[in-house]
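The structure file final32.txt is reproduced below (compact mmCIF, C-alpha atoms and all ligand atoms).
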# COMPACT_ATOMS: atom_id res chain seq x y z
CA MET U 29 105.91 75.72 96.87
CA LYS U 30 105.36 78.16 99.72
CA ALA U 31 101.89 79.41 100.66
CA VAL U 32 100.10 81.42 103.35
CA VAL U 33 98.35 78.69 105.32
CA LEU U 34 95.82 78.96 108.15
CA GLN U 35 97.10 77.33 111.32
CA ALA U 36 95.33 76.20 114.50
CA GLY U 37 94.22 79.15 116.61
CA ASN U 38 93.61 81.30 113.51
CA GLU U 39 97.30 82.03 113.04
CA LEU U 40 98.69 82.41 109.53
CA ALA U 41 102.08 81.05 108.54
CA ILE U 42 104.09 80.47 105.39
CA SER U 43 104.33 76.71 104.87
CA GLU U 44 105.24 74.26 102.13
CA VAL U 45 102.28 72.90 100.13
CA PRO U 46 102.17 70.65 97.03
CA GLU U 47 102.04 72.25 93.60
CA PRO U 48 98.66 71.81 91.86
CA GLY U 49 98.25 70.02 88.53
CA ILE U 50 95.57 69.68 85.86
CA GLN U 51 92.77 67.45 87.16
CA ARG U 52 90.04 67.99 84.58
CA PRO U 53 90.05 69.03 80.91
CA ASP U 54 88.60 72.48 81.68
CA ASP U 55 91.36 73.36 84.20
CA VAL U 56 94.27 75.68 83.78
CA VAL U 57 97.17 75.95 86.21
CA VAL U 58 98.22 79.56 86.76
CA ARG U 59 101.58 80.91 87.90
CA ILE U 60 100.48 83.72 90.20
CA THR U 61 102.27 87.01 89.56
CA LYS U 62 100.30 89.28 91.91
CA THR U 63 97.99 88.52 94.83
CA THR U 64 96.48 90.61 97.60
CA ILE U 65 95.19 90.46 101.15
CA CYS U 66 91.41 91.04 101.14
CA GLY U 67 89.29 92.14 104.09
CA SER U 68 87.77 88.65 103.90
CA ASP U 69 91.21 87.19 104.66
CA ILE U 70 91.31 89.36 107.76
CA HIS U 71 87.92 87.91 108.76
CA ILE U 72 89.45 84.43 108.43
CA LYS U 73 92.39 85.53 110.59
CA HIS U 74 89.94 86.74 113.22
CA GLY U 75 87.95 83.49 113.14
CA MET U 76 84.82 85.20 111.81
CA LEU U 77 84.23 82.80 108.89
CA PRO U 78 83.13 79.30 109.84
CA GLY U 79 84.11 76.14 108.00
CA ILE U 80 87.69 77.11 107.24
CA SER U 81 89.99 74.64 108.88
CA PRO U 82 93.73 74.71 109.57
CA GLY U 83 95.70 73.76 106.46
CA THR U 84 93.65 76.02 104.16
CA VAL U 85 95.73 78.20 101.81
CA VAL U 86 94.08 81.64 101.93
CA GLY U 87 93.64 84.34 99.28
CA HIS U 88 91.17 84.80 96.43
CA GLU U 89 92.44 87.83 94.50
CA PHE U 90 95.12 87.17 91.91
CA VAL U 91 96.41 87.57 88.40
CA GLY U 92 98.96 85.41 86.69
CA VAL U 93 100.21 83.57 83.66
CA VAL U 94 98.77 80.29 82.38
CA ALA U 95 101.41 77.63 83.03
CA GLU U 96 99.41 74.66 81.77
CA ALA U 97 96.00 74.27 80.10
CA GLY U 98 93.71 71.22 80.05
CA SER U 99 92.70 69.68 76.76
CA GLY U 100 89.18 71.13 76.94
CA VAL U 101 90.20 74.77 77.54
CA LYS U 102 89.29 76.89 74.51
CA LYS U 103 90.18 80.47 75.44
CA PHE U 104 93.63 80.17 76.99
CA ARG U 105 96.99 78.60 76.39
CA PRO U 106 100.29 78.61 78.27
CA GLY U 107 101.84 82.06 78.44
CA ASP U 108 98.53 83.99 78.47
CA ARG U 109 98.17 86.60 81.21
CA ILE U 110 94.80 86.26 82.94
CA ALA U 111 92.71 87.86 85.67
CA VAL U 112 90.41 85.52 87.59
CA ALA U 113 87.13 86.08 89.45
CA PRO U 114 87.13 85.31 93.19
CA THR U 115 84.70 82.43 92.58
CA THR U 116 84.29 79.66 90.02
CA TRP U 117 81.10 78.50 88.33
CA CYS U 118 80.20 75.64 86.04
CA GLY U 119 78.32 77.65 83.41
CA HIS U 120 75.59 75.11 82.74
CA CYS U 121 73.48 74.59 85.89
CA ALA U 122 70.10 76.27 86.57
CA TYR U 123 71.78 79.07 88.59
CA CYS U 124 74.43 79.72 85.96
CA ASP U 125 71.72 79.76 83.27
CA ARG U 126 70.04 82.60 85.17
CA GLY U 127 73.32 84.49 85.51
CA GLU U 128 73.38 83.88 89.28
CA VAL U 129 76.81 82.30 89.14
CA ALA U 130 77.57 83.02 92.80
CA TYR U 131 74.97 80.36 93.68
CA CYS U 132 76.45 77.70 91.39
CA PRO U 133 76.55 74.48 93.46
CA HIS U 134 79.63 73.37 91.56
CA GLY U 135 81.62 76.54 92.18
CA GLY U 136 83.43 77.95 95.18
CA VAL U 137 85.59 80.77 96.53
CA TRP U 138 89.36 80.42 96.35
CA GLY U 139 90.76 79.69 99.79
CA GLY U 140 87.27 79.58 101.29
CA GLY U 141 87.71 76.27 103.08
CA GLU U 142 85.17 73.46 102.99
CA LEU U 143 82.10 75.66 103.32
CA PHE U 144 82.78 78.41 100.78
CA GLY U 145 85.70 76.98 98.86
CA LYS U 146 84.64 73.39 98.34
CA GLY U 147 88.28 72.42 98.23
CA LEU U 148 89.50 75.21 95.93
CA GLY U 149 93.04 76.29 96.71
CA GLY U 150 93.96 79.75 97.92
CA ALA U 151 95.85 82.37 95.93
CA GLN U 152 98.54 83.52 98.35
CA THR U 153 101.05 81.13 96.84
CA SER U 154 102.90 80.49 93.57
CA TYR U 155 100.55 78.26 91.53
CA ILE U 156 96.80 77.66 91.54
CA ARG U 157 94.50 75.30 89.67
CA VAL U 158 91.59 77.15 88.02
CA PRO U 159 88.64 74.90 87.10
CA TYR U 160 86.07 76.13 84.53
CA ALA U 161 88.81 78.43 83.26
CA ASP U 162 86.86 79.49 80.17
CA ASN U 163 84.13 80.87 82.50
CA CYS U 164 85.94 82.59 85.31
CA ALA U 165 89.16 83.93 83.75
CA ILE U 166 89.61 86.83 81.34
CA PRO U 167 92.68 87.79 79.32
CA ILE U 168 94.70 90.82 80.43
CA PRO U 169 95.62 93.14 77.53
CA ASP U 170 99.35 93.83 77.14
CA SER U 171 98.78 97.50 77.94
CA VAL U 172 97.36 96.73 81.41
CA PRO U 173 99.94 95.95 84.12
CA ASP U 174 99.27 93.31 86.78
CA GLU U 175 98.92 95.88 89.55
CA VAL U 176 95.97 97.41 87.68
CA ALA U 177 94.40 94.19 86.40
CA ILE U 178 94.28 92.70 89.87
CA PHE U 179 91.43 95.07 90.79
CA VAL U 180 89.17 93.47 88.19
CA GLY U 181 88.62 90.17 89.98
CA ASP U 182 87.16 91.29 93.30
CA ILE U 183 87.96 94.77 94.60
CA PHE U 184 86.68 96.98 91.80
CA VAL U 185 83.64 94.86 90.98
CA THR U 186 82.59 94.87 94.65
CA GLY U 187 82.59 98.68 94.69
CA TYR U 188 81.00 98.88 91.26
CA THR U 189 78.24 96.47 92.34
CA ALA U 190 77.52 98.66 95.39
CA ALA U 191 77.08 101.62 93.03
CA TYR U 192 74.93 99.54 90.70
CA GLU U 193 72.74 98.25 93.51
CA ALA U 194 72.28 101.80 94.82
CA ARG U 195 70.36 102.48 91.58
CA ILE U 196 72.11 105.79 91.00
CA ARG U 197 70.47 107.89 88.30
CA THR U 198 71.69 110.87 86.34
CA GLY U 199 71.82 113.97 88.55
CA ASP U 200 71.69 112.13 91.89
CA ARG U 201 73.85 113.00 94.87
CA VAL U 202 75.63 109.97 96.26
CA ALA U 203 77.22 109.39 99.66
CA ILE U 204 79.90 106.76 100.25
CA PHE U 205 80.91 105.96 103.82
CA GLY U 206 84.41 104.53 104.03
CA CYS U 207 87.09 105.21 101.44
CA GLY U 208 89.21 102.09 101.58
CA PRO U 209 89.82 100.20 98.34
CA ILE U 210 86.15 99.18 98.09
CA GLY U 211 84.83 102.65 98.86
CA LEU U 212 87.15 104.18 96.25
CA SER U 213 86.00 101.55 93.76
CA ALA U 214 82.39 102.45 94.61
CA LEU U 215 83.32 106.08 93.88
CA LEU U 216 84.75 105.21 90.46
CA GLY U 217 81.76 102.96 89.82
CA SER U 218 79.30 105.69 90.83
CA TRP U 219 80.60 108.07 88.18
CA GLN U 220 79.52 105.58 85.52
CA PHE U 221 75.87 106.34 86.38
CA GLY U 222 76.00 110.13 86.00
CA PRO U 223 75.54 111.55 89.52
CA ARG U 224 76.07 115.29 89.89
CA GLN U 225 78.00 114.84 93.13
CA VAL U 226 79.61 112.01 95.08
CA ILE U 227 80.35 112.72 98.74
CA CYS U 228 82.97 110.50 100.35
CA VAL U 229 83.20 110.22 104.13
CA ASP U 230 86.18 108.81 105.99
CA MET U 231 88.43 109.65 108.94
CA LEU U 232 91.82 109.22 107.24
CA HIS U 233 93.41 112.06 105.28
CA ASN U 234 95.20 109.84 102.79
CA ARG U 235 91.98 108.10 101.81
CA LEU U 236 90.09 111.38 101.51
CA ALA U 237 92.90 112.85 99.38
CA GLN U 238 92.60 109.89 97.02
CA ALA U 239 88.81 110.25 96.88
CA LYS U 240 89.23 113.95 96.06
CA ASP U 241 91.61 113.02 93.26
CA TYR U 242 88.84 110.84 91.88
CA GLY U 243 86.42 113.78 91.85
CA ALA U 244 84.59 113.33 95.15
CA THR U 245 83.47 115.99 97.59
CA VAL U 246 85.10 114.80 100.81
CA ILE U 247 84.04 115.02 104.45
CA ASN U 248 86.27 114.02 107.35
CA ALA U 249 83.99 112.46 109.94
CA ARG U 250 86.37 113.71 112.64
CA ASP U 251 85.34 117.26 111.81
CA GLY U 252 81.90 116.84 113.33
CA ASP U 253 78.44 115.74 112.32
CA VAL U 254 78.62 114.55 108.74
CA LEU U 255 75.11 115.71 107.81
CA GLU U 256 75.84 119.15 109.27
CA THR U 257 79.12 119.33 107.37
CA ASP U 258 77.30 118.49 104.15
CA LYS U 259 75.95 122.01 103.94
CA GLY U 260 74.40 121.35 100.57
CA GLY U 261 71.81 119.35 102.46
CA HIS U 262 69.67 116.61 101.12
CA GLN U 263 67.71 117.95 98.21
CA GLY U 264 66.40 114.61 97.17
CA GLY U 265 67.86 112.06 94.85
CA GLY U 266 70.51 110.75 97.24
CA GLY U 267 71.97 107.28 97.04
CA GLY U 268 74.34 105.50 99.35
CA CYS U 269 76.96 102.81 99.21
CA GLY U 270 79.10 101.49 102.02
CA ASP U 271 82.71 100.40 102.25
ZN ZN U 301 88.31 89.81 98.29
ZN ZN U 302 76.73 76.38 87.68

So that I can check it, write out the structure of this file as structure tokens.
Amino acid sequence: MKAVVLQAGNELAISEVPEPGIQRPDDVVVRITKTTICGSDIHIKHGMLPGISPGTVVGHEFVGVVAEAGSGVKKFRPGDRIAVAPTTWCGHCAYCDRGEVAYCPHGGVWGGGELFGKGLGGAQTSYIRVPYADNCAIPIPDSVPDEVAIFVGDIFVTGYTAAYEARIRTGDRVAIFGCGPIGLSALLGSWQFGPRQVICVDMLHNRLAQAKDYGATVINARDGDVLETDKGGHQGGGGGCGD
């Protein structure tokens, strides 16, 4: 199968790689139907993430259809549409028990090389092996198309987590700097916590138009000092999340 593979000198190229198979009973193999390019993939391209060597298939955001399921998989069977988290976790170590699955020593990030990925394949290809499938995959309802479900794994939850960590409370004013996919997800996430206003700052009209569609008050940073432009001023209760 073809895949986007990191080359020497941080180049990316489409190369032939072997198709994955079931290795352990809790694996599924997924036929990928949609995948994306994340900002983290750009960091790999720019050589900013260590421990990712040439030959690594990149990509960690994907949805697909279960092609094959191991004998120990309880939740999924071939033909199921699933969305998958950008990391895997074992579900039974001390970190997983505390809900800190990102620290699971048995898990990794898809396409994260030796350091972050611990040998997990990348998603910018046709098939991927998903270990611990019952933990890190969720079913996609028939009513949700792939191009919507794909936000669940990484992009939306990153923005939502920024809003969550900002500890927004009912009636707060919130500022979001940067309205790319993560910033827009932070905007949608912010509304879940009941702020009276969300101010989105960017320098691109198309992004600001989208933020406005999602209910934000928008400020174009090209128009001058952002704090001056925000004539409402800071009356307390502000939060902030970044792109
Ligand atoms: Zn990502
Ligand atoms: Zn674990």

* Asked: If you measure from atom CA of U:His88 to atom CA of U:Glu193, what distance in Å do you get, rounded to one decimal?
  ->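 It comes out at 23.0 Å.
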
* Which residue, U:Asp69, U:Glu39, U:Phe179, U:Cys228, has the smallest gap to U:Lys240 when you use all atoms listed in the file? ->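 The closest residue to U:Lys240 is U:Cys228.
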
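Using all atoms listed in the file as the basis for the distance check, residues found within 7 Å of ligand ZN 302 (chain U) are Trp117, Cys118, Gly119, His120, Cys121, Ala122, Tyr123, Cys124, Val129, Cys132, Pro133, His134 and Gly135 of chain U.
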
* Asked: In Å, how far is it from atom CA of U:Ile50 to atom CA of U:Tyr155?
  -> 11.4 Å

* **Coordinates-based distance that separates atom CA of U:Val112 from atom CA of U:Val158 (Å, one decimal)** =>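 Those two atoms sit 8.5 Å apart.
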
* Asked: Near U:Thr245, within 10 Å and counting all atoms listed in the file, which residues show up once chain neighbours fewer than 4 positions away are dropped, as an MDAnalysis selection string?
  -> chainID U and resid 202:203 225:229 236 239:241 258

Could you produce a table of the residues of chain U lying within 7 Å of ligand ZN 301 (chain U), with the nearest pair of atoms per residue and their separation in Å rounded to one decimal, using only C-alpha atoms and all ligand atoms, ordered by chain and increasing residue number, as a Markdown table?
| residue | atom | partner | partner_atom | distance |
| --- | --- | --- | --- | --- |
| U:Cys66 | CA | U:ZN301 | ZN | 4.4 |
| U:Gly67 | CA | U:ZN301 | ZN | 6.3 |
| U:Ser68 | CA | U:ZN301 | ZN | 5.8 |
| U:His88 | CA | U:ZN301 | ZN | 6.1 |
| U:Glu89 | CA | U:ZN301 | ZN | 5.9 |
| U:Pro114 | CA | U:ZN301 | ZN | 6.9 |
| U:Asp182 | CA | U:ZN301 | ZN | 5.3 |
| U:Ile183 | CA | U:ZN301 | ZN | 6.2 |

* **Best match for closeness to U:Gln152 among U:Cys164, U:Val85, U:Leu255, U:Leu77, counting all atoms listed in the file** => U:Val85

* Residues around (101.9, 69.9, 93.1), cut-off 12 Å, counting all atoms listed in the file - what are they as JSON, numbers by chain? -> {"U": [29, 30, 44, 45, 46, 47, 48, 49, 50, 51, 57, 149, 153, 154, 155, 156, 157]}

Residues near U:Val101, cut-off 9 Å, only C-alpha atoms, skip fewer than 3 positions along chain, as a PDB file with C-alpha atoms, in the frame of the given file:
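File written: out.pdb
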ATOM      1  CA  PRO U  53      90.050  69.030  80.910  1.00  0.00           C
ATOM      2  CA  ASP U  54      88.600  72.480  81.680  1.00  0.00           C
ATOM      3  CA  ASP U  55      91.360  73.360  84.200  1.00  0.00           C
ATOM      4  CA  VAL U  56      94.270  75.680  83.780  1.00  0.00           C
ATOM      5  CA  ALA U  97      96.000  74.270  80.100  1.00  0.00           C
ATOM      6  CA  GLY U  98      93.710  71.220  80.050  1.00  0.00           C
ATOM      7  CA  PHE U 104      93.630  80.170  76.990  1.00  0.00           C
ATOM      8  CA  ARG U 105      96.990  78.600  76.390  1.00  0.00           C
ATOM      9  CA  TYR U 160      86.070  76.130  84.530  1.00  0.00           C
ATOM     10  CA  ALA U 161      88.810  78.430  83.260  1.00  0.00           C
ATOM     11  CA  ASP U 162      86.860  79.490  80.170  1.00  0.00           C
TER      12      ASP U 162
END
